[in-house]
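Asks: Got a file for you: input-v6.pdb, PDB, C-alpha atoms (C1' of nucleotides).
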ATOM      1  CA  MET A   9       0.000   0.000   0.000
ATOM      2  CA  ALA A  10       1.243   3.475  -0.710
ATOM      3  CA  ALA A  11      -0.850   6.278  -2.110
ATOM      4  CA  THR A  12      -4.536   5.973  -1.370
ATOM      5  CA  ARG A  13      -6.430   8.678  -3.180
ATOM      6  CA  LYS A  14      -9.836   7.739  -4.496
ATOM      7  CA  SER A  15     -12.346   8.620  -7.138
ATOM      8  CA  ALA A  16     -14.101   5.827  -9.080
ATOM      9  CA  THR A  17     -14.992   4.605 -12.510
ATOM     10  CA  PRO A  18     -17.265   7.114 -14.235
ATOM     11  CA  ALA A  19     -19.480   4.453 -15.754
ATOM     12  CA  PRO A  20     -19.011   0.933 -17.088
ATOM     13  CA  GLY A  21     -18.465   1.465 -20.784
ATOM     14  CA  CYS A  22     -19.237  -2.152 -21.544
ATOM     15  CA  ARG A  23     -22.109  -4.229 -20.226
ATOM     16  CA  PRO A  24     -22.012  -7.821 -18.941
ATOM     17  CA  GLU A  25     -23.978  -8.847 -22.011
ATOM     18  CA  ASP A  26     -21.031  -7.866 -24.164
ATOM     19  CA  HIS A  27     -19.074 -10.882 -23.043
ATOM     20  CA  PRO A  28     -20.960 -13.539 -21.068
ATOM     21  CA  ARG A  29     -18.787 -15.561 -18.754
ATOM     22  CA  ALA A  30     -18.864 -18.627 -16.533
ATOM     23  CA  SER A  31     -21.079 -19.004 -13.471
ATOM     24  CA  PRO A  32     -20.797 -16.196 -10.931
ATOM     25  CA  ARG A  33     -21.960 -18.813  -8.442
ATOM     26  CA  VAL A  34     -19.489 -17.870  -5.741
ATOM     27  CA  PRO A  35     -20.500 -15.822  -2.712
ATOM     28  CA  PRO A  36     -18.937 -12.350  -2.607
ATOM     29  CA  VAL A  37     -15.832 -12.371  -0.448
ATOM     30  CA  GLY A  38     -16.021 -10.289   2.681
ATOM     31  CA  ALA A  39     -13.747  -7.266   2.691
ATOM     32  CA  ALA A  40     -12.467  -8.264   6.115
ATOM     33  CA  SER A  41     -11.458 -11.703   4.904
ATOM     34  CA  LEU A  42      -9.685 -10.206   1.946
ATOM     35  CA  GLU A  43      -7.887  -7.842   4.220
ATOM     36  CA  ARG A  44      -6.749 -10.553   6.591
ATOM     37  CA  ALA A  45      -5.677 -12.945   3.884
ATOM     38  CA  ALA A  46      -3.748 -10.169   2.198
ATOM     39  CA  ARG A  47      -2.017  -9.197   5.442
ATOM     40  CA  LEU A  48      -0.923 -12.771   5.923
ATOM     41  CA  PHE A  49       0.471 -13.007   2.416
ATOM     42  CA  ARG A  50       2.180  -9.692   2.644
ATOM     43  CA  ALA A  51       3.883 -10.653   5.879
ATOM     44  CA  ILE A  52       5.401 -13.748   4.326
ATOM     45  CA  GLY A  53       5.960 -12.009   1.000
ATOM     46  CA  ASP A  54       9.428 -10.814   1.868
ATOM     47  CA  PRO A  55      12.519 -12.971   1.255
ATOM     48  CA  PRO A  56      14.191 -12.357   4.627
ATOM     49  CA  ARG A  57      10.961 -13.039   6.497
ATOM     50  CA  LEU A  58      10.161 -16.091   4.444
ATOM     51  CA  HIS A  59      13.689 -17.305   5.105
ATOM     52  CA  LEU A  60      13.013 -16.958   8.803
ATOM     53  CA  LEU A  61       9.910 -19.087   8.392
ATOM     54  CA  ALA A  62      11.869 -21.672   6.426
ATOM     55  CA  LEU A  63      14.320 -21.896   9.311
ATOM     56  CA  LEU A  64      11.520 -22.193  11.832
ATOM     57  CA  ALA A  65       9.953 -24.913   9.715
ATOM     58  CA  GLN A  66      12.943 -26.996  10.805
ATOM     59  CA  GLY A  67      12.119 -26.478  14.447
ATOM     60  CA  GLU A  68      12.118 -23.944  17.232
ATOM     61  CA  ALA A  69      14.949 -21.444  17.324
ATOM     62  CA  CYS A  70      16.004 -18.500  19.436
ATOM     63  CA  VAL A  71      16.521 -15.030  18.007
ATOM     64  CA  THR A  72      20.283 -15.215  18.300
ATOM     65  CA  GLU A  73      20.415 -18.409  16.288
ATOM     66  CA  LEU A  74      18.254 -16.930  13.600
ATOM     67  CA  ALA A  75      20.383 -13.816  13.525
ATOM     68  CA  ALA A  76      23.554 -15.861  13.204
ATOM     69  CA  ASN A  77      22.004 -17.859  10.391
ATOM     70  CA  GLN A  78      20.978 -14.824   8.435
ATOM     71  CA  ARG A  79      24.116 -12.860   9.303
ATOM     72  CA  GLU A  80      22.039  -9.986  10.531
ATOM     73  CA  GLU A  81      21.772  -7.938  13.678
ATOM     74  CA  LEU A  82      19.575  -9.082  16.520
ATOM     75  CA  SER A  83      17.411  -6.028  16.247
ATOM     76  CA  THR A  84      16.829  -6.598  12.566
ATOM     77  CA  ILE A  85      15.660 -10.152  13.210
ATOM     78  CA  SER A  86      13.552  -9.006  16.096
ATOM     79  CA  GLN A  87      11.781  -6.502  13.876
ATOM     80  CA  ARG A  88      11.134  -9.138  11.251
ATOM     81  CA  LEU A  89       9.728 -11.433  13.888
ATOM     82  CA  ARG A  90       7.557  -8.633  15.139
ATOM     83  CA  VAL A  91       5.887  -8.392  11.742
ATOM     84  CA  LEU A  92       5.315 -12.144  11.658
ATOM     85  CA  ARG A  93       4.001 -12.089  15.206
ATOM     86  CA  ALA A  94       1.548  -9.331  14.370
ATOM     87  CA  GLU A  95      -0.115 -11.725  11.924
ATOM     88  CA  ASN A  96       0.062 -14.666  14.309
ATOM     89  CA  ILE A  97       2.362 -16.506  11.960
ATOM     90  CA  VAL A  98       4.875 -17.351  14.650
ATOM     91  CA  ALA A  99       4.592 -18.227  18.317
ATOM     92  CA  ARG A 100       7.148 -17.557  21.055
ATOM     93  CA  ARG A 101       7.913 -18.925  24.450
ATOM     94  CA  ARG A 102      10.600 -18.094  26.925
ATOM     95  CA  GLU A 103      13.153 -20.718  27.901
ATOM     96  CA  GLY A 104      15.485 -19.246  30.493
ATOM     97  CA  LYS A 105      17.421 -16.426  28.887
ATOM     98  CA  HIS A 106      16.237 -17.336  25.429
ATOM     99  CA  ILE A 107      13.043 -16.778  23.590
ATOM    100  CA  LEU A 108      12.201 -19.608  21.276
ATOM    101  CA  TYR A 109      10.182 -18.959  18.162
ATOM    102  CA  SER A 110       8.222 -21.465  16.125
ATOM    103  CA  LEU A 111       5.589 -21.530  13.407
ATOM    104  CA  ALA A 112       2.214 -20.787  14.951
ATOM    105  CA  ASP A 113       0.187 -23.617  13.434
ATOM    106  CA  GLN A 114       0.083 -26.410  10.924
ATOM    107  CA  HIS A 115      -1.564 -24.211   8.331
ATOM    108  CA  ILE A 116       1.472 -21.968   8.279
ATOM    109  CA  VAL A 117       3.811 -24.947   8.135
ATOM    110  CA  ASP A 118       1.966 -26.263   5.098
ATOM    111  CA  LEU A 119       1.870 -22.889   3.445
ATOM    112  CA  VAL A 120       5.620 -22.459   3.821
ATOM    113  CA  PHE A 121       6.462 -25.955   2.624
ATOM    114  CA  ASN A 122       4.117 -25.730  -0.348
ATOM    115  CA  ALA A 123       5.414 -22.344  -1.351
ATOM    116  CA  LEU A 124       9.023 -23.411  -1.240
ATOM    117  CA  ALA A 125       8.357 -26.694  -2.974
ATOM    118  CA  HIS A 126       6.446 -24.939  -5.706
ATOM    119  CA  ALA A 127       9.044 -22.229  -6.108
ATOM    120  CA  SER A 128      11.782 -24.818  -6.402
ATOM    121  CA  GLU A 129       9.945 -26.531  -9.247
ATOM    122  CA  ARG A 130       8.806 -23.602 -11.345
ATOM    123  CA  PRO A 131      11.291 -22.040 -13.792
ATOM    124  CA  PRO A 132      12.522 -18.537 -12.913
ATOM    125  CA  ASP A 133       9.879 -16.651 -14.946
ATOM    126  CA  ILE A 134      12.083 -14.653 -17.250
ATOM    127  CA  PRO A 135       9.974 -13.075 -20.020
ATOM    128  CA  ALA A 136       6.811 -11.596 -18.383
ATOM    129  CA  SER A 137       4.840 -11.494 -21.659
ATOM    130  CA  PRO A 138       5.304  -9.158 -24.648
ATOM    131  CA  PRO A 139       2.968  -6.157 -25.302
ATOM    132  CA  MET A 140       0.221  -8.457 -26.644
ATOM    133  CA  LYS A 141      -0.901  -8.129 -30.214
ATOM    134  CA  GLU A 142      -2.859 -11.020 -31.685
ATOM    135  CA  ARG A 143      -6.414 -12.101 -31.095
ATOM    136  CA  GLY A 144      -5.600 -15.139 -28.992
ATOM    137  CA  LYS A 145      -8.537 -17.534 -28.868
ATOM    138  CA  HIS A 146      -8.478 -20.017 -26.006
ATOM    139  CA  ALA A 147      -6.185 -22.577 -27.598
TER     140      ALA A 147
ATOM    141  CA  MET B   4      11.307  -3.810   0.866
ATOM    142  CA  ALA B   5      12.567  -0.415   1.842
ATOM    143  CA  ALA B   6      15.962   0.313   3.322
ATOM    144  CA  THR B   7      18.677  -2.140   2.378
ATOM    145  CA  ARG B   8      21.851  -1.286   4.214
ATOM    146  CA  LYS B   9      23.939  -4.183   5.507
ATOM    147  CA  SER B  10      26.457  -5.129   8.138
ATOM    148  CA  ALA B  11      26.145  -8.475   9.988
ATOM    149  CA  THR B  12      26.036 -10.120  13.373
ATOM    150  CA  PRO B  13      29.355  -9.666  15.202
ATOM    151  CA  ALA B  14      29.392 -13.146  16.703
ATOM    152  CA  PRO B  15      26.793 -15.638  17.925
ATOM    153  CA  GLY B  16      26.578 -15.000  21.639
ATOM    154  CA  CYS B  17      24.957 -18.359  22.267
ATOM    155  CA  ARG B  18      25.881 -21.743  20.865
ATOM    156  CA  PRO B  19      23.576 -24.450  19.491
ATOM    157  CA  GLU B  20      24.431 -26.560  22.518
ATOM    158  CA  ASP B  21      22.723 -24.010  24.708
ATOM    159  CA  HIS B  22      19.336 -25.123  23.533
ATOM    160  CA  PRO B  23      19.194 -28.332  21.487
ATOM    161  CA  ARG B  24      16.248 -28.496  19.116
ATOM    162  CA  ALA B  25      14.446 -30.874  16.783
ATOM    163  CA  SER B  26      15.985 -32.450  13.712
ATOM    164  CA  PRO B  27      17.593 -30.017  11.267
ATOM    165  CA  ARG B  28      16.941 -32.706   8.680
ATOM    166  CA  VAL B  29      15.614 -30.368   6.033
ATOM    167  CA  PRO B  30      17.707 -29.330   3.039
ATOM    168  CA  PRO B  31      18.665 -25.653   3.038
ATOM    169  CA  VAL B  32      16.250 -23.649   0.890
ATOM    170  CA  GLY B  33      17.747 -22.064  -2.193
ATOM    171  CA  ALA B  34      17.862 -18.285  -2.105
ATOM    172  CA  ALA B  35      16.281 -18.167  -5.553
ATOM    173  CA  SER B  36      13.320 -20.257  -4.427
ATOM    174  CA  LEU B  37      12.852 -18.052  -1.424
ATOM    175  CA  GLU B  38      12.936 -15.021  -3.627
ATOM    176  CA  ARG B  39      10.387 -16.373  -6.064
ATOM    177  CA  ALA B  40       8.012 -17.630  -3.422
ATOM    178  CA  ALA B  41       8.234 -14.299  -1.654
ATOM    179  CA  ARG B  42       7.527 -12.377  -4.859
ATOM    180  CA  LEU B  43       4.428 -14.468  -5.434
ATOM    181  CA  PHE B  44       3.161 -13.878  -1.921
ATOM    182  CA  ARG B  45       3.903 -10.214  -2.034
ATOM    183  CA  ALA B  46       2.001  -9.818  -5.286
ATOM    184  CA  ILE B  47      -1.131 -11.333  -3.790
ATOM    185  CA  GLY B  48      -0.513  -9.725  -0.410
ATOM    186  CA  ASP B  49      -2.458  -6.597  -1.203
ATOM    187  CA  PRO B  50      -6.226  -6.372  -0.600
ATOM    188  CA  PRO B  51      -7.140  -4.760  -3.923
ATOM    189  CA  ARG B  52      -5.038  -7.249  -5.867
ATOM    190  CA  LEU B  53      -6.329 -10.190  -3.901
ATOM    191  CA  HIS B  54      -9.823  -8.917  -4.530
ATOM    192  CA  LEU B  55      -9.071  -8.962  -8.235
ATOM    193  CA  LEU B  56      -7.978 -12.568  -7.914
ATOM    194  CA  ALA B  57     -11.125 -13.418  -5.991
ATOM    195  CA  LEU B  58     -13.169 -11.993  -8.841
ATOM    196  CA  LEU B  59     -11.147 -13.891 -11.415
ATOM    197  CA  ALA B  60     -11.636 -17.055  -9.398
ATOM    198  CA  GLN B  61     -15.266 -16.794 -10.505
ATOM    199  CA  GLY B  62     -14.287 -16.789 -14.148
ATOM    200  CA  GLU B  63     -12.695 -14.716 -16.860
ATOM    201  CA  ALA B  64     -13.356 -10.995 -16.824
ATOM    202  CA  CYS B  65     -12.364  -7.970 -18.842
ATOM    203  CA  VAL B  66     -10.607  -4.986 -17.311
ATOM    204  CA  THR B  67     -13.671  -2.776 -17.538
ATOM    205  CA  GLU B  68     -15.771  -5.280 -15.629
ATOM    206  CA  LEU B  69     -13.154  -5.560 -12.930
ATOM    207  CA  ALA B  70     -12.897  -1.788 -12.727
ATOM    208  CA  ALA B  71     -16.658  -1.443 -12.414
ATOM    209  CA  ASN B  72     -16.692  -4.062  -9.693
ATOM    210  CA  GLN B  73     -13.997  -2.379  -7.660
ATOM    211  CA  ARG B  74     -15.248   1.145  -8.408
ATOM    212  CA  GLU B  75     -11.830   2.143  -9.618
ATOM    213  CA  GLU B  76     -10.342   3.669 -12.711
ATOM    214  CA  LEU B  77      -9.335   1.507 -15.616
ATOM    215  CA  SER B  78      -5.752   2.532 -15.298
ATOM    216  CA  THR B  79      -5.647   1.601 -11.631
ATOM    217  CA  ILE B  80      -6.930  -1.866 -12.392
ATOM    218  CA  SER B  81      -4.576  -2.201 -15.292
ATOM    219  CA  GLN B  82      -1.635  -1.391 -13.071
ATOM    220  CA  ARG B  83      -2.748  -3.937 -10.493
ATOM    221  CA  LEU B  84      -3.062  -6.535 -13.196
ATOM    222  CA  ARG B  85       0.382  -5.647 -14.422
ATOM    223  CA  VAL B  86       1.827  -6.606 -11.055
ATOM    224  CA  LEU B  87      -0.051  -9.900 -11.065
ATOM    225  CA  ARG B  88       1.018 -10.565 -14.631
ATOM    226  CA  ALA B  89       4.657  -9.958 -13.773
ATOM    227  CA  GLU B  90       4.471 -12.940 -11.415
ATOM    228  CA  ASN B  91       2.509 -15.062 -13.873
ATOM    229  CA  ILE B  92      -0.443 -15.132 -11.535
ATOM    230  CA  VAL B  93      -2.934 -14.148 -14.207
ATOM    231  CA  ALA B  94      -3.235 -14.884 -17.911
ATOM    232  CA  ARG B  95      -4.816 -12.662 -20.573
ATOM    233  CA  ARG B  96      -6.253 -13.134 -24.000
ATOM    234  CA  ARG B  97      -7.855 -10.706 -26.383
ATOM    235  CA  GLU B  98     -11.461 -11.128 -27.392
ATOM    236  CA  GLY B  99     -12.381  -8.450 -29.864
ATOM    237  CA  LYS B 100     -12.147  -5.074 -28.158
ATOM    238  CA  HIS B 101     -11.780  -6.675 -24.768
ATOM    239  CA  ILE B 102      -8.934  -8.307 -22.974
ATOM    240  CA  LEU B 103     -10.045 -11.128 -20.759
ATOM    241  CA  TYR B 104      -8.069 -11.986 -17.671
ATOM    242  CA  SER B 105      -8.109 -15.246 -15.733
ATOM    243  CA  LEU B 106      -6.094 -17.009 -13.058
ATOM    244  CA  ALA B 107      -2.985 -18.481 -14.632
ATOM    245  CA  ASP B 108      -3.171 -22.003 -13.231
ATOM    246  CA  GLN B 109      -4.863 -24.338 -10.798
ATOM    247  CA  HIS B 110      -2.211 -23.731  -8.177
ATOM    248  CA  ILE B 111      -3.179 -20.078  -8.006
ATOM    249  CA  VAL B 112      -6.859 -20.945  -7.920
ATOM    250  CA  ASP B 113      -6.270 -23.222  -4.947
ATOM    251  CA  LEU B 114      -4.104 -20.692  -3.197
ATOM    252  CA  VAL B 115      -6.759 -18.013  -3.511
ATOM    253  CA  PHE B 116      -9.606 -20.244  -2.396
ATOM    254  CA  ASN B 117      -7.653 -21.619   0.535
ATOM    255  CA  ALA B 118      -6.563 -18.205   1.659
ATOM    256  CA  LEU B 119     -10.056 -16.775   1.556
ATOM    257  CA  ALA B 120     -11.605 -19.802   3.192
ATOM    258  CA  HIS B 121      -9.044 -19.711   5.951
ATOM    259  CA  ALA B 122      -9.352 -15.971   6.444
ATOM    260  CA  SER B 123     -13.120 -16.287   6.699
ATOM    261  CA  GLU B 124     -12.787 -18.804   9.484
ATOM    262  CA  ARG B 125     -10.101 -17.298  11.648
ATOM    263  CA  PRO B 126     -11.061 -14.560  14.149
ATOM    264  CA  PRO B 127      -9.843 -11.027  13.372
ATOM    265  CA  ASP B 128      -6.613 -11.258  15.414
ATOM    266  CA  ILE B 129      -7.102  -8.352  17.773
ATOM    267  CA  PRO B 130      -4.562  -8.599  20.610
ATOM    268  CA  ALA B 131      -1.186  -9.366  18.952
ATOM    269  CA  SER B 132       0.366 -10.642  22.204
ATOM    270  CA  PRO B 133       1.347  -8.568  25.262
ATOM    271  CA  PRO B 134       5.024  -7.719  26.055
ATOM    272  CA  MET B 135       5.675 -11.272  27.283
ATOM    273  CA  LYS B 136       6.640 -11.845  30.877
ATOM    274  CA  GLU B 137       6.370 -15.371  32.210
ATOM    275  CA  ARG B 138       8.430 -18.410  31.509
ATOM    276  CA  GLY B 139       5.899 -20.172  29.325
ATOM    277  CA  LYS B 140       6.621 -23.883  29.163
ATOM    278  CA  HIS B 141       4.996 -25.773  26.328
ATOM    279  CA  ALA B 142       1.609 -26.368  27.948
TER     280      ALA B 142
ATOM    281  C1'  DT C  12     -10.114   7.128 -43.122
ATOM    282  C1'  DG C  13     -11.302   9.033 -38.983
ATOM    283  C1'  DG C  14     -13.586   8.253 -34.646
ATOM    284  C1'  DT C  15     -14.560   5.620 -30.681
ATOM    285  C1'  DT C  16     -13.926   2.093 -27.302
ATOM    286  C1'  DA C  17     -10.722  -0.700 -24.405
ATOM    287  C1'  DG C  18      -6.549  -1.017 -22.291
ATOM    288  C1'  DT C  19      -1.565  -0.040 -21.479
ATOM    289  C1'  DT C  20       2.263   2.758 -20.177
ATOM    290  C1'  DG C  21       5.005   6.602 -18.054
ATOM    291  C1'  DA C  22       6.039  10.117 -14.755
ATOM    292  C1'  DA C  23       5.232  12.120 -10.362
ATOM    293  C1'  DC C  24       3.825  12.261  -5.798
ATOM    294  C1'  DA C  25       2.422  10.558  -1.332
ATOM    295  C1'  DG C  26       2.359   7.082   1.811
ATOM    296  C1'  DT C  27       4.417   2.953   3.628
ATOM    297  C1'  DT C  28       8.076  -0.178   4.783
ATOM    298  C1'  DG C  29      12.375  -2.082   6.545
ATOM    299  C1'  DA C  30      17.104  -1.630   8.499
ATOM    300  C1'  DT C  31      19.653   0.423  11.925
ATOM    301  C1'  DG C  32      21.780   2.282  16.244
ATOM    302  C1'  DA C  33      20.612   3.618  20.693
ATOM    303  C1'  DA C  34      18.110   2.987  24.674
ATOM    304  C1'  DG C  35      15.072   0.080  27.537
ATOM    305  C1'  DT C  36      13.351  -4.451  29.697
ATOM    306  C1'  DG C  37      13.612  -9.031  31.834
ATOM    307  C1'  DA C  38      16.172 -13.132  33.494
ATOM    308  C1'  DT C  39      19.997 -15.059  35.261
ATOM    309  C1'  DG C  40      24.596 -15.232  37.257
ATOM    310  C1'  DG C  41      28.073 -13.762  40.412
TER     311       DG C  41
ATOM    312  C1'  DC D  26      22.412  -5.937  44.063
ATOM    313  C1'  DC D  27      24.954  -5.063  40.062
ATOM    314  C1'  DA D  28      26.573  -6.885  35.661
ATOM    315  C1'  DT D  29      25.533  -9.341  31.706
ATOM    316  C1'  DC D  30      22.979 -11.693  28.256
ATOM    317  C1'  DA D  31      19.124 -11.848  25.173
ATOM    318  C1'  DC D  32      15.922  -9.417  23.293
ATOM    319  C1'  DT D  33      12.498  -5.639  22.328
ATOM    320  C1'  DT D  34      11.176  -1.038  21.336
ATOM    321  C1'  DC D  35      11.892   3.650  19.448
ATOM    322  C1'  DA D  36      13.055   7.122  16.224
ATOM    323  C1'  DT D  37      14.977   7.988  11.937
ATOM    324  C1'  DC D  38      15.803   7.737   7.216
ATOM    325  C1'  DA D  39      16.297   5.893   2.712
ATOM    326  C1'  DA D  40      14.090   2.990  -0.560
ATOM    327  C1'  DC D  41      10.114   1.195  -2.448
ATOM    328  C1'  DT D  42       5.005   0.905  -3.758
ATOM    329  C1'  DG D  43       0.480   2.164  -5.370
ATOM    330  C1'  DT D  44      -2.526   5.632  -7.391
ATOM    331  C1'  DT D  45      -3.409   8.937 -10.614
ATOM    332  C1'  DC D  46      -3.358  11.889 -14.835
ATOM    333  C1'  DA D  47      -1.907  12.245 -19.213
ATOM    334  C1'  DA D  48      -0.302  10.324 -23.228
ATOM    335  C1'  DC D  49      -0.269   6.393 -26.348
ATOM    336  C1'  DT D  50      -1.669   1.914 -28.823
ATOM    337  C1'  DA D  51      -4.935  -1.667 -30.686
ATOM    338  C1'  DA D  52      -9.444  -3.146 -32.580
ATOM    339  C1'  DC D  53     -13.526  -2.203 -34.400
ATOM    340  C1'  DC D  54     -17.079   0.605 -36.631
ATOM    341  C1'  DA D  55     -19.045   4.075 -40.040
TER     342       DA D  55
END
Translate the structure described by the file into structure tokens.

Replies:
Amino acid sequence: MAATRKSATPAPGCRPEDHPRASPRVPPVGAASLERAARLFRAIGDPPRLHLLALLAQGEACVTELAANQREELSTISQRLRVLRAENIVARRREGKHILYSLADQHIVDLVFNALAHASERPPDIPASPPMKERGKHA
Amino acid sequence: MAATRKSATPAPGCRPEDHPRASPRVPPVGAASLERAARLFRAIGDPPRLHLLALLAQGEACVTELAANQREELSTISQRLRVLRAENIVARRREGKHILYSLADQHIVDLVFNALAHASERPPDIPASPPMKERGKHA
DNA sequence: TGGTTAGTTGAACAGTTGATGAAGTGATGG
DNA sequence: CCATCACTTCATCAACTGTTCAACTAACCA
């Protein structure tokens, strides 16, 4: 999110009849759900933070360990963890002088594993599609 | 991403022996995979863009339709779609005067549905954990 | 051919984010 | 009780992101 000015579309220049589509038989998604899902994705949508999650997917770890692993300062890691904590992605518990972090629930574990597995398979996505010219029918 | 200065941790103050953990029996994640997975998540980690995906999950739609639905300008929608396109999250094809967008593959469809379903279930996450005080053992 | 509709692209600005050093907090150790 | 370790929080600042307006391009229609 960055700028957030608003206005709106003046009027739909084309009508639904112009191009009938599939079944709109899906309930409208609540704005709150969208918001929460997006916040979750955004939190893990940062390489350093996702790396942290990948490390935690291997088991609990204290902040110092994580910092050593990422070659970063404690405070930097702590800030990253703060973001993840704000979305309930990670859990923490104190163990003596250390604070051990872990992934908050199985859903997160799955999400992280799936994402990494998928990303390891898919080719690097070089081109990003040319300006588009032809009338490409669905085939 | 914002600031990107660097330095590094001076030295790990605590050793692994200090707090033995589970099995580190997971191969180290490639930096490239992390990067790609993070880019994907970041692209969908924005309410307006996720909303677009939710709409596309119901079927193909042209830019004007999407704009009308979100009450935004064409150009705004187009820019959002550009971001999604850059990560190969959506596909487009021309149909006469219109350009129809759709979700690029089943993986994305699943991701969107799962995210929204999950977000609809989970409570709004109000507290975000107090300053932490007690020595919370795993119970 | 010119006009209109549909969409894309570019530049600029405002708002947000993340890293960092310094200062603060909480446990533990001596 | 004071020092130290392990973090967390704060303020700051540079870098990035998203929206918007103003061109610009592509199809289609008269």

Asks: Tell me as a list in words which residues belonging to chain D come within 8 Å of chain A, counting only C-alpha atoms (C1' of nucleotides).

Replies: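 The selection requested is DC30, DA31, DC32, DT33, DT42, DG43, DT44 and DA51 of chain D.
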
Asks: Could those selected residues go to a file with C-alpha atoms (C1' of nucleotides), as a tab-separated table (two decimals), in the coordinates of the input?

Replies:
chain	number	residue	atom	x	y	z
D	30	DC	C1'	22.98	-11.69	28.26
D	31	DA	C1'	19.12	-11.85	25.17
D	32	DC	C1'	15.92	-9.42	23.29
D	33	DT	C1'	12.50	-5.64	22.33
D	42	DT	C1'	5.00	0.90	-3.76
D	43	DG	C1'	0.48	2.16	-5.37
D	44	DT	C1'	-2.53	5.63	-7.39
D	51	DA	C1'	-4.93	-1.67	-30.69

Asks: Using CA of His115 (chain A) and CA of Asp54 (chain A) as the two end points, give the distance in Å to one decimal.

Replies: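 Separation of CA of His115 (chain A) and CA of Asp54 (chain A): 18.5 Å.
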
Asks: Could I get the residues of chain C with an atom no further than 9 Å from an atom of chain A, each paired with its nearest atom pair and that distance in Å to one decimal, using all atoms listed in the file, sorted by chain and residue number, as CSV?

Replies:
residue,atom,partner,partner_atom,distance
C:DT16,C1',A:Gly21,CA,8.0
C:DA17,C1',A:Gly21,CA,8.8
C:DT19,C1',A:Pro139,CA,8.5
C:DC24,C1',A:Ala11,CA,8.4
C:DA25,C1',A:Ala11,CA,5.4
C:DG26,C1',A:Ala10,CA,4.5
C:DT27,C1',A:Ala10,CA,5.4
C:DG29,C1',A:Arg88,CA,8.6
C:DA30,C1',A:Thr84,CA,6.4
C:DT31,C1',A:Thr84,CA,7.6
C:DG37,C1',A:Lys105,CA,8.8
C:DA38,C1',A:Lys105,CA,5.8
C:DT39,C1',A:Lys105,CA,7.0

Asks: Between CA of Ala107 (chain B) and CA of Ile92 (chain B), measure the distance and give it in Å to one decimal.

Replies: 5.2 Å

Asks: Just the number, please: distance in Å from C1' of DA36 (chain D) to CA of Ala94 (chain A), one decimal.

Replies: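 Distance reported for this atom pair: 20.2 Å.
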
Asks: I want to know what sits within 12 Å of DG14 (chain C), based on only C-alpha atoms (C1' of nucleotides), with residues of the same chain fewer than 2 positions away left out; could you give that as a list of chain:residue names?

Replies: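 Contacts, with the query itself left out: C:DT12, C:DT16, D:DC53, D:DC54, D:DA55.
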
Asks: Using the chain letters and numbers from the file, give me the residues hit by the PyMOL selection byres ((chain B and resi 108) around 10), as a list in words.

Replies: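 Answer for the PyMOL selection byres ((chain B and resi 108) around 10): Asn91, Ile92, Val93, Ala94, Ser105, Leu106, Ala107, Gln109, His110, Ile111, Val112 and Asp113 of chain B.
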